[in-house]
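A.B. asks: Here's a structure for you.
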Amino acid sequence: MQTIPLRLSEKWAWGALGLVGFIGLWASLSAFGIVPRQFLPSPLDVLTRFIHLLTNPFAGATLPQHLASSFQRYAYGVLLAAFIGVPLGLLMGWFRWLDDVVTPLFDGLRFIAPIAWVPFAALWFGVGIGGPILIIFAGAFPPCLINAYRGARFVEPRLIEAARMLGTGHLRMILEILLPAATPSIVSGLRVSAGLGWQSLVGAELIVAAAGVGFMMVQAQANVATPTVMAGMVAIGLVGMAIDVMLRQGEAWLRRRRGLQA
Amino acid sequence: MGSIRFDKVDKVFGPVSGGVKALDDINLEIADKEFVAIVGPSGCGKTTCLRMVAGFEPPSAGIVSVNGKAVTEPGPDRAVVFQQFALFPWKTVRENIELGLRNKNLPKAERDGLVAGALKLMNLESHADAFPHQLSGGMQQRVAIARAYVLDPEVLLMDEPFGALDAQTRVVMQEELVRLARVNPRTVLFITHAVEEAVYLADRVAIMTRRPGRIKEVLDIRSVRQAESWDRHERIEDVMDLESFVHLRTQIWKSLREEKGAHGV
């Protein structure tokens with residue numbers, strides 16, 4: 001067992017080894033024809049295709065245009081989840097009766113996978129933007145709510161007592177005591193929401209959309225253009241990683257500002 | 001005006017039948033502007049007494065009242081200073097002190113004046129815009145005291161306020177509190193397990209028994225303090241050297257020792 005923490009350079013080296021190993025295995029699987037090339041395109045095919053798609057349209061748009069269209073829906077869905085989930089979670093953390101009303105309902109609903117909403121998304125919204133937003137919302141909403149709720153519920157009791165002793169009313173209690181106290185938990189929740197939302201997005205677009213990365217992949221699948229499907233997967237992975245890295249940075253910044261360790 | 005009264009107060013934790021009886025028949029009257037300290041072994045329920053006056057916990061039986069009105073909920077007329085300070089870490093010193101005034105809906109100009117006064121009173125002027133985590137423990141407790149004083153409360157409830165401080169800081173804060181009590185006298189209920197602190201600060205000291213906590217005796221320090229003119233002395237160690245001080249301290253010590261199994265009071 002490794003007990004001494006790895007230096008950053010060593011970490012990068014191990015990470016690179018994993019990536020090289022994975023791509024090597026993948027390349028040999030397709031190069032030696034173990035899996036037919038039509039079903040598993042080689043890494044080089046995918047890379048070439050990826051670069052090609054950056055400037056050449058497929059299914060009506062280039063890859064960056066598809067990504068932009070996806071990202072717009074995604075942003076709407078996640079922001080909607082945050083703007084409803086966080087305030088509701090804080091309110092539930094303060095008003096016990098609201099907790100009692102919402103929790104049983106929510107506990108049942110949150111186990112329904114976002115993709116299960118696809119039929120209704122199609123039925124209610126057709127191919128409009130509402131359908132994918134609903135599905136992304138379904139994926140992103142629970143962590144927003146749960147983390148805001150837990151953050152508000154587990155505020156140090158002394159701080160609540162101090163605020164009550166100072167005559168703090170409900171609204172100010174929620175905005176100036178619960179919200180800042182719960183912020184680290186809320187930000188962690190938003191990170192999870194952002195990830196789940198991005199995962200749900202592709203599911204949403206596989207069925208109800210007229211543009212976007214998911215839509216591009218469905219069109220490619222219909223043409224057995226497997227390198228294009230994989231290029232879409234790579235794009236999704238990269239954007240997902242970028243979103244997570246940015247939110248991690250934000251989280252670390254917030255912790256430093258609060259005088260907590262990063 | 002700020003009198004406190006405990007009238008046949010019991011406190012039971014847990015289920016009504018079969019719960020743990022923490023306080024048994026507490027009767028105590030604290031007059032306006034009087035400083036009363038409660039001392040007792042740990043777990044005797046002295047903090048629970050304070051929490052009932054603050055309105056954080058209801059008595060199981062009897063009445064706790066302030067100015068003749070039964071306490072039902074916390075409020076700014078009964079300011080609390082906690083052992084662990086309980087400052088809001090995301091608010092600056094100024095914002096911590098100002099919150100109670102904002103809750104009273106005072107206009108900005110008036111708030112600024114009061115906050116400035118409280119900062120000056122506690123020698124915090126140069127730290128007004130610091131966050132609590134940037135201050136030492138003693139400084140943080142000064143902020144907590146300023147936050148309580150600025151509300152001009154009728155009674156001040158202090159729950160082992162210096163218990164988390166190192167010995168030197170503690171002495172400074174005790175002297176500071178005596179100074180405050182002279183400048184701006186309040187009704188104070190002070191909880192401590194440090195006997196010397198109680199004798200040095202209080203007008204009267206109430207001694208509690210082990211659980212279930214009862215008030216065993218109440219000693220009047222005031223008459224001795226005046227007769228022996230303790231207030232002549234600026235420093236706490238000079239007061240602690242006086243024979244009259246040592247005598248009272250020993251008397252309380254003995255009383256606490258008699259509590260079966262009491263150790264490390």
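Order determines the names: the first chain of the structure tokens is A, the second B, and so forth; residues in each chain are numbered 1 upward, and ligands are numbered 1 upward as they are shown.
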Which polymer residues have any atom within 10 Å of an atom of Pro180 of chain A, counting only C-alpha atoms, with same-chain residues fewer than 2 positions away left out, as a ChimeraX atom specification?

C.D. replies: /A:151-152,155,174-178,182-186 /B:88-91

A.B. asks: Within 10 Å of Ala225 of chain A, counting only C-alpha atoms, which residues qualify if same-chain residues fewer than 4 places away don't, as a count of residues only?

C.D. replies: 11

A.B. asks: With chain A as the partner and 6 Å as the cut-off, tabulate the residues of chain B that qualify, each row holding the nearest pair of atoms and their distance in Å to one decimal, using only C-alpha atoms, sorted by chain and rising number, as a tab-separated table.

C.D. replies:
```
residue	atom	partner	partner_atom	distance
B:Pro74	CA	A:Met165	CA	5.0
B:Gly75	CA	A:Met165	CA	4.7
B:Pro76	CA	A:Leu166	CA	4.9
B:Ala86	CA	A:Leu159	CA	5.5
B:Gly100	CA	A:Leu166	CA	4.7
B:Asn103	CA	A:Thr168	CA	5.7
```

A.B. asks: Near Ile207 of chain B, within 12 Å and counting only C-alpha atoms, which residues show up once chain neighbours fewer than 2 positions away are dropped, as a PyMOL selection string?

C.D. replies: chain B and resi 26+28+36-41+44-46+191-195+198-199+204-205+209-210+213-220+249+251-259+265

A.B. asks: Can I get the selection written as a JSON list (two decimals), in the first residue's frame, with C-alpha atoms?

C.D. replies:
```json
[["chain", "number", "residue", "atom", "x", "y", "z"],
["B", 26, "ILE", "CA", -34.97, 25.80, 41.94],
["B", 28, "LEU", "CA", -33.87, 32.14, 43.13],
["B", 36, "VAL", "CA", -25.34, 36.58, 40.48],
["B", 37, "ALA", "CA", -23.01, 33.69, 39.73],
["B", 38, "ILE", "CA", -24.06, 30.06, 39.87],
["B", 39, "VAL", "CA", -21.31, 27.57, 40.64],
["B", 40, "GLY", "CA", -21.60, 23.81, 40.78],
["B", 41, "PRO", "CA", -20.07, 20.53, 39.70],
["B", 44, "CYS", "CA", -25.41, 19.83, 37.82],
["B", 45, "GLY", "CA", -27.72, 21.76, 35.51],
["B", 46, "LYS", "CA", -26.35, 25.28, 36.00],
["B", 191, "ILE", "CA", -22.53, 30.50, 35.06],
["B", 192, "THR", "CA", -19.09, 29.17, 35.95],
["B", 193, "HIS", "CA", -17.34, 26.26, 37.57],
["B", 194, "ALA", "CA", -14.42, 28.47, 38.61],
["B", 195, "VAL", "CA", -14.95, 29.47, 42.24],
["B", 198, "ALA", "CA", -17.48, 33.75, 40.88],
["B", 199, "VAL", "CA", -16.23, 35.36, 44.11],
["B", 204, "ARG", "CA", -24.02, 36.84, 45.27],
["B", 205, "VAL", "CA", -22.90, 33.28, 44.55],
["B", 209, "THR", "CA", -25.62, 20.33, 44.27],
["B", 210, "ARG", "CA", -24.90, 17.38, 42.01],
["B", 213, "GLY", "CA", -29.35, 20.12, 40.75],
["B", 214, "ARG", "CA", -30.67, 22.06, 43.71],
["B", 215, "ILE", "CA", -29.57, 25.40, 45.08],
["B", 216, "LYS", "CA", -27.73, 24.47, 48.24],
["B", 217, "GLU", "CA", -26.89, 27.92, 49.53],
["B", 218, "VAL", "CA", -26.53, 31.50, 48.35],
["B", 219, "LEU", "CA", -23.60, 33.55, 49.66],
["B", 220, "ASP", "CA", -23.63, 37.31, 49.76],
["B", 249, "ARG", "CA", -13.33, 31.08, 48.29],
["B", 251, "GLN", "CA", -15.98, 28.38, 52.18],
["B", 252, "ILE", "CA", -17.46, 27.77, 48.71],
["B", 253, "TRP", "CA", -14.83, 25.15, 47.93],
["B", 254, "LYS", "CA", -15.73, 23.22, 51.06],
["B", 255, "SER", "CA", -19.41, 23.46, 50.27],
["B", 256, "LEU", "CA", -18.80, 22.03, 46.79],
["B", 257, "ARG", "CA", -16.49, 19.33, 48.16],
["B", 258, "GLU", "CA", -19.25, 18.07, 50.42],
["B", 259, "GLU", "CA", -21.09, 17.05, 47.26],
["B", 265, "VAL", "CA", -15.15, 21.52, 40.34]]
```

A.B. asks: Apply DSSP to the structure's backbone, then extract all residues of segment 19-252 of chain A labelled helix (DSSP H, G or I) and return them as an mmCIF file with C-alpha atoms, in the first residue's frame.

C.D. replies:
```cif
data_model
loop_
_atom_site.group_PDB
_atom_site.id
_atom_site.type_symbol
_atom_site.label_atom_id
_atom_site.label_comp_id
_atom_site.auth_asym_id
_atom_site.auth_seq_id
_atom_site.Cartn_x
_atom_site.Cartn_y
_atom_site.Cartn_z
ATOM 1 C CA LEU A 19 -4.864 6.840 -20.414
ATOM 2 C CA VAL A 20 -2.142 5.427 -22.680
ATOM 3 C CA GLY A 21 -2.958 1.875 -21.552
ATOM 4 C CA PHE A 22 -6.639 2.378 -22.265
ATOM 5 C CA ILE A 23 -6.092 3.856 -25.714
ATOM 6 C CA GLY A 24 -3.496 1.138 -26.503
ATOM 7 C CA LEU A 25 -5.961 -1.618 -25.606
ATOM 8 C CA TRP A 26 -8.688 0.075 -27.621
ATOM 9 C CA ALA A 27 -6.366 0.549 -30.639
ATOM 10 C CA SER A 28 -5.230 -3.085 -30.601
ATOM 11 C CA LEU A 29 -8.825 -4.364 -30.293
ATOM 12 C CA SER A 30 -9.764 -2.600 -33.529
ATOM 13 C CA ALA A 31 -6.381 -2.949 -35.312
ATOM 14 C CA PRO A 43 -8.865 5.869 -31.706
ATOM 15 C CA LEU A 44 -7.297 7.516 -34.745
ATOM 16 C CA ASP A 45 -10.596 7.282 -36.695
ATOM 17 C CA VAL A 46 -12.390 8.951 -33.826
ATOM 18 C CA LEU A 47 -9.784 11.682 -33.465
ATOM 19 C CA THR A 48 -9.834 12.398 -37.202
ATOM 20 C CA ARG A 49 -13.596 12.483 -37.170
ATOM 21 C CA PHE A 50 -13.620 14.726 -34.105
ATOM 22 C CA ILE A 51 -11.340 17.255 -35.797
ATOM 23 C CA HIS A 52 -13.377 17.026 -38.998
ATOM 24 C CA LEU A 53 -16.617 17.707 -37.118
ATOM 25 C CA LEU A 54 -15.175 20.828 -35.526
ATOM 26 C CA THR A 55 -15.587 22.670 -38.808
ATOM 27 C CA LEU A 63 -19.883 19.774 -33.355
ATOM 28 C CA PRO A 64 -19.314 23.117 -31.553
ATOM 29 C CA GLN A 65 -22.759 24.273 -32.758
ATOM 30 C CA HIS A 66 -24.349 21.057 -31.478
ATOM 31 C CA LEU A 67 -22.527 21.516 -28.183
ATOM 32 C CA ALA A 68 -23.704 25.112 -27.897
ATOM 33 C CA SER A 69 -27.282 24.034 -28.473
ATOM 34 C CA SER A 70 -26.912 21.268 -25.861
ATOM 35 C CA PHE A 71 -25.267 23.587 -23.398
ATOM 36 C CA GLN A 72 -28.096 26.076 -23.630
ATOM 37 C CA ARG A 73 -30.713 23.469 -22.668
ATOM 38 C CA TYR A 74 -28.412 22.147 -20.021
ATOM 39 C CA ALA A 75 -27.895 25.590 -18.479
ATOM 40 C CA TYR A 76 -31.652 26.230 -18.389
ATOM 41 C CA GLY A 77 -32.340 22.863 -16.771
ATOM 42 C CA VAL A 78 -29.617 23.111 -14.125
ATOM 43 C CA LEU A 79 -30.345 26.763 -13.298
ATOM 44 C CA LEU A 80 -34.038 25.982 -12.941
ATOM 45 C CA ALA A 81 -33.166 23.086 -10.615
ATOM 46 C CA ALA A 82 -30.892 25.350 -8.552
ATOM 47 C CA PHE A 83 -33.375 28.235 -8.374
ATOM 48 C CA ILE A 84 -36.159 25.961 -7.171
ATOM 49 C CA GLY A 85 -34.186 23.312 -5.280
ATOM 50 C CA VAL A 86 -31.926 25.510 -3.140
ATOM 51 C CA PRO A 87 -34.618 27.874 -1.747
ATOM 52 C CA LEU A 88 -37.020 24.982 -1.202
ATOM 53 C CA GLY A 89 -34.306 22.996 0.587
ATOM 54 C CA LEU A 90 -33.493 25.949 2.863
ATOM 55 C CA LEU A 91 -37.170 26.517 3.654
ATOM 56 C CA MET A 92 -37.574 22.820 4.471
ATOM 57 C CA GLY A 93 -34.533 23.041 6.746
ATOM 58 C CA TRP A 94 -36.155 25.843 8.745
ATOM 59 C CA ARG A 96 -40.516 21.646 10.103
ATOM 60 C CA TRP A 97 -44.054 21.421 8.665
ATOM 61 C CA LEU A 98 -42.789 22.020 5.126
ATOM 62 C CA ASP A 99 -40.232 19.261 5.643
ATOM 63 C CA ASP A 100 -43.078 16.944 6.677
ATOM 64 C CA VAL A 101 -45.136 17.890 3.598
ATOM 65 C CA VAL A 102 -42.403 17.616 0.970
ATOM 66 C CA THR A 103 -40.105 14.845 2.179
ATOM 67 C CA PRO A 104 -42.336 11.766 1.615
ATOM 68 C CA LEU A 105 -43.242 12.951 -1.890
ATOM 69 C CA PHE A 106 -39.675 13.830 -2.750
ATOM 70 C CA ASP A 107 -38.250 10.578 -1.362
ATOM 71 C CA GLY A 108 -40.406 8.672 -3.824
ATOM 72 C CA LEU A 109 -39.829 10.909 -6.833
ATOM 73 C CA PRO A 114 -34.444 11.194 -15.382
ATOM 74 C CA ILE A 115 -34.769 9.123 -18.551
ATOM 75 C CA ALA A 116 -38.078 7.738 -17.259
ATOM 76 C CA TRP A 117 -39.544 11.197 -17.872
ATOM 77 C CA VAL A 118 -38.799 10.950 -21.616
ATOM 78 C CA PRO A 119 -42.294 9.804 -22.694
ATOM 79 C CA PHE A 120 -43.942 12.637 -20.810
ATOM 80 C CA ALA A 121 -41.354 15.136 -21.931
ATOM 81 C CA ALA A 122 -42.196 14.215 -25.535
ATOM 82 C CA LEU A 123 -45.929 14.205 -24.854
ATOM 83 C CA TRP A 124 -46.035 17.538 -23.032
ATOM 84 C CA PHE A 125 -43.431 19.515 -24.959
ATOM 85 C CA GLY A 130 -39.197 22.172 -22.671
ATOM 86 C CA GLY A 131 -38.777 18.392 -22.993
ATOM 87 C CA PRO A 132 -34.993 18.202 -22.571
ATOM 88 C CA ILE A 133 -35.139 20.854 -19.860
ATOM 89 C CA LEU A 134 -37.619 18.725 -17.917
ATOM 90 C CA ILE A 135 -35.335 15.698 -18.126
ATOM 91 C CA ILE A 136 -32.214 17.654 -17.150
ATOM 92 C CA PHE A 137 -34.187 19.256 -14.336
ATOM 93 C CA ALA A 138 -35.250 15.800 -13.104
ATOM 94 C CA GLY A 139 -31.582 14.796 -12.925
ATOM 95 C CA ALA A 140 -30.241 17.996 -11.395
ATOM 96 C CA PHE A 141 -32.998 18.838 -8.912
ATOM 97 C CA PRO A 142 -32.542 16.231 -6.114
ATOM 98 C CA PRO A 143 -28.928 17.084 -5.151
ATOM 99 C CA CYS A 144 -29.777 20.826 -5.101
ATOM 100 C CA LEU A 145 -32.656 20.232 -2.739
ATOM 101 C CA ILE A 146 -31.033 17.592 -0.540
ATOM 102 C CA ASN A 147 -27.795 19.511 0.002
ATOM 103 C CA ALA A 148 -29.507 22.831 0.749
ATOM 104 C CA TYR A 149 -31.822 21.017 3.166
ATOM 105 C CA ARG A 150 -29.009 19.164 4.947
ATOM 106 C CA GLY A 151 -26.870 22.283 5.076
ATOM 107 C CA ALA A 152 -29.704 24.250 6.667
ATOM 108 C CA ARG A 153 -30.662 21.459 9.018
ATOM 109 C CA PRO A 157 -27.330 24.896 17.021
ATOM 110 C CA ARG A 158 -25.451 27.610 18.959
ATOM 111 C CA LEU A 159 -25.554 29.881 15.900
ATOM 112 C CA ILE A 160 -29.313 29.454 15.567
ATOM 113 C CA GLU A 161 -29.695 30.167 19.263
ATOM 114 C CA ALA A 162 -27.467 33.245 18.988
ATOM 115 C CA ALA A 163 -29.511 34.531 16.051
ATOM 116 C CA ARG A 164 -32.819 33.925 17.853
ATOM 117 C CA MET A 165 -31.505 35.648 20.961
ATOM 118 C CA HIS A 170 -37.669 34.029 9.689
ATOM 119 C CA LEU A 171 -36.618 35.670 6.419
ATOM 120 C CA ARG A 172 -33.362 37.078 7.777
ATOM 121 C CA MET A 173 -32.669 33.784 9.541
ATOM 122 C CA ILE A 174 -32.898 31.942 6.215
ATOM 123 C CA LEU A 175 -30.978 34.506 4.153
ATOM 124 C CA GLU A 176 -28.260 35.554 6.596
ATOM 125 C CA ILE A 177 -27.779 32.506 8.823
ATOM 126 C CA LEU A 178 -28.950 29.302 7.103
ATOM 127 C CA LEU A 179 -27.871 30.252 3.576
ATOM 128 C CA PRO A 180 -24.274 31.207 4.407
ATOM 129 C CA ALA A 181 -23.929 28.314 6.848
ATOM 130 C CA ALA A 182 -25.221 25.893 4.212
ATOM 131 C CA THR A 183 -23.214 27.369 1.344
ATOM 132 C CA PRO A 184 -20.407 24.758 1.327
ATOM 133 C CA SER A 185 -23.019 21.992 1.261
ATOM 134 C CA ILE A 186 -25.054 23.809 -1.419
ATOM 135 C CA VAL A 187 -21.989 24.220 -3.630
ATOM 136 C CA SER A 188 -21.168 20.499 -3.332
ATOM 137 C CA GLY A 189 -24.778 19.797 -4.285
ATOM 138 C CA LEU A 190 -24.539 22.080 -7.302
ATOM 139 C CA ARG A 191 -21.454 20.194 -8.437
ATOM 140 C CA VAL A 192 -23.281 16.886 -8.258
ATOM 141 C CA SER A 193 -26.307 18.477 -9.956
ATOM 142 C CA ALA A 194 -24.160 19.827 -12.763
ATOM 143 C CA GLY A 195 -22.733 16.356 -13.392
ATOM 144 C CA LEU A 196 -26.065 14.551 -13.245
ATOM 145 C CA GLY A 197 -27.673 17.224 -15.407
ATOM 146 C CA TRP A 198 -25.015 16.818 -18.073
ATOM 147 C CA GLN A 199 -25.482 13.036 -17.994
ATOM 148 C CA SER A 200 -29.255 13.370 -18.321
ATOM 149 C CA LEU A 201 -28.865 15.810 -21.201
ATOM 150 C CA VAL A 202 -27.673 13.212 -23.690
ATOM 151 C CA GLY A 203 -30.489 10.886 -22.699
ATOM 152 C CA ALA A 204 -32.897 13.745 -23.250
ATOM 153 C CA GLU A 205 -31.510 14.567 -26.670
ATOM 154 C CA LEU A 206 -31.411 10.979 -27.852
ATOM 155 C CA ILE A 207 -35.178 11.164 -28.090
ATOM 156 C CA VAL A 213 -24.791 16.452 -29.304
ATOM 157 C CA GLY A 214 -27.282 13.721 -28.408
ATOM 158 C CA PHE A 215 -29.282 14.429 -31.568
ATOM 159 C CA MET A 216 -26.084 14.296 -33.641
ATOM 160 C CA MET A 217 -25.250 10.896 -32.137
ATOM 161 C CA VAL A 218 -28.702 9.485 -32.919
ATOM 162 C CA GLN A 219 -28.421 10.652 -36.517
ATOM 163 C CA ALA A 220 -24.945 9.130 -36.798
ATOM 164 C CA GLN A 221 -26.160 5.847 -35.332
ATOM 165 C CA ALA A 222 -28.901 5.687 -38.000
ATOM 166 C CA THR A 226 -19.701 4.942 -35.498
ATOM 167 C CA PRO A 227 -16.718 7.333 -35.429
ATOM 168 C CA THR A 228 -19.171 10.244 -35.251
ATOM 169 C CA VAL A 229 -21.030 8.615 -32.349
ATOM 170 C CA MET A 230 -17.746 8.184 -30.521
ATOM 171 C CA ALA A 231 -16.627 11.728 -31.331
ATOM 172 C CA GLY A 232 -19.865 12.845 -29.648
ATOM 173 C CA MET A 233 -19.041 10.712 -26.599
ATOM 174 C CA VAL A 234 -15.573 12.260 -26.396
ATOM 175 C CA ALA A 235 -17.062 15.754 -26.642
ATOM 176 C CA ILE A 236 -19.529 14.978 -23.837
ATOM 177 C CA GLY A 237 -16.748 13.627 -21.636
ATOM 178 C CA LEU A 238 -14.512 16.632 -22.211
ATOM 179 C CA VAL A 239 -17.240 19.199 -21.566
ATOM 180 C CA GLY A 240 -18.362 17.308 -18.464
ATOM 181 C CA MET A 241 -14.801 17.334 -17.116
ATOM 182 C CA ALA A 242 -14.446 21.040 -17.880
ATOM 183 C CA ILE A 243 -17.675 21.831 -15.992
ATOM 184 C CA ASP A 244 -16.507 19.819 -12.992
ATOM 185 C CA VAL A 245 -13.055 21.419 -12.923
ATOM 186 C CA MET A 246 -14.584 24.899 -13.003
ATOM 187 C CA LEU A 247 -17.002 24.119 -10.186
ATOM 188 C CA ARG A 248 -14.212 22.554 -8.104
ATOM 189 C CA GLN A 249 -12.211 25.750 -8.510
ATOM 190 C CA GLY A 250 -15.226 27.748 -7.412
ATOM 191 C CA GLU A 251 -15.696 25.531 -4.379
ATOM 192 C CA ALA A 252 -12.032 25.824 -3.357
#
```

A.B. asks: Which residue gives the smallest distance to Lys11 of chain B among B:Ser60, B:Cys49, B:Ser42, B:Phe131, with only C-alpha atoms counted?

C.D. replies: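 Looking only at the distances to Lys11 of chain B, the closest residue turns out to be B:Ser60.
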
A.B. asks: For segment 160-175 of chain B, please output as a PyMOL selection string all residues within 12 Å (counting only C-alpha atoms; exclusion window: fewer than 3 positions along the same chain).

C.D. replies: chain B and resi 37-40+42+46-47+50+80-86+122-123+136-145+156-157+178-182+189-202+231+233-240

A.B. asks: Apply DSSP to the structure's backbone, then extract all residues of segment 86-229 of chain B labelled strand (DSSP E) and return them as a list in words.

C.D. replies: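 Filtering segment 86-229 of chain B to strand (DSSP E) leaves Val155, Leu156, Leu157, Met158, Asp159, Thr187, Val188, Leu189, Phe190, Ile191, Thr192, Arg204, Val205, Ala206, Ile207, Met208, Ile215, Lys216, Glu217, Val218, Leu219 and Asp220 of chain B.
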
A.B. asks: Contacts of Glu29 of chain B at 9 Å or less, counting only C-alpha atoms, minus same-chain residues fewer than 3 places along, as a list in words?

C.D. replies: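 These residues fall inside the cut-off: Ser3, Ile4, Arg5, Phe6 and Asp7 of chain B.
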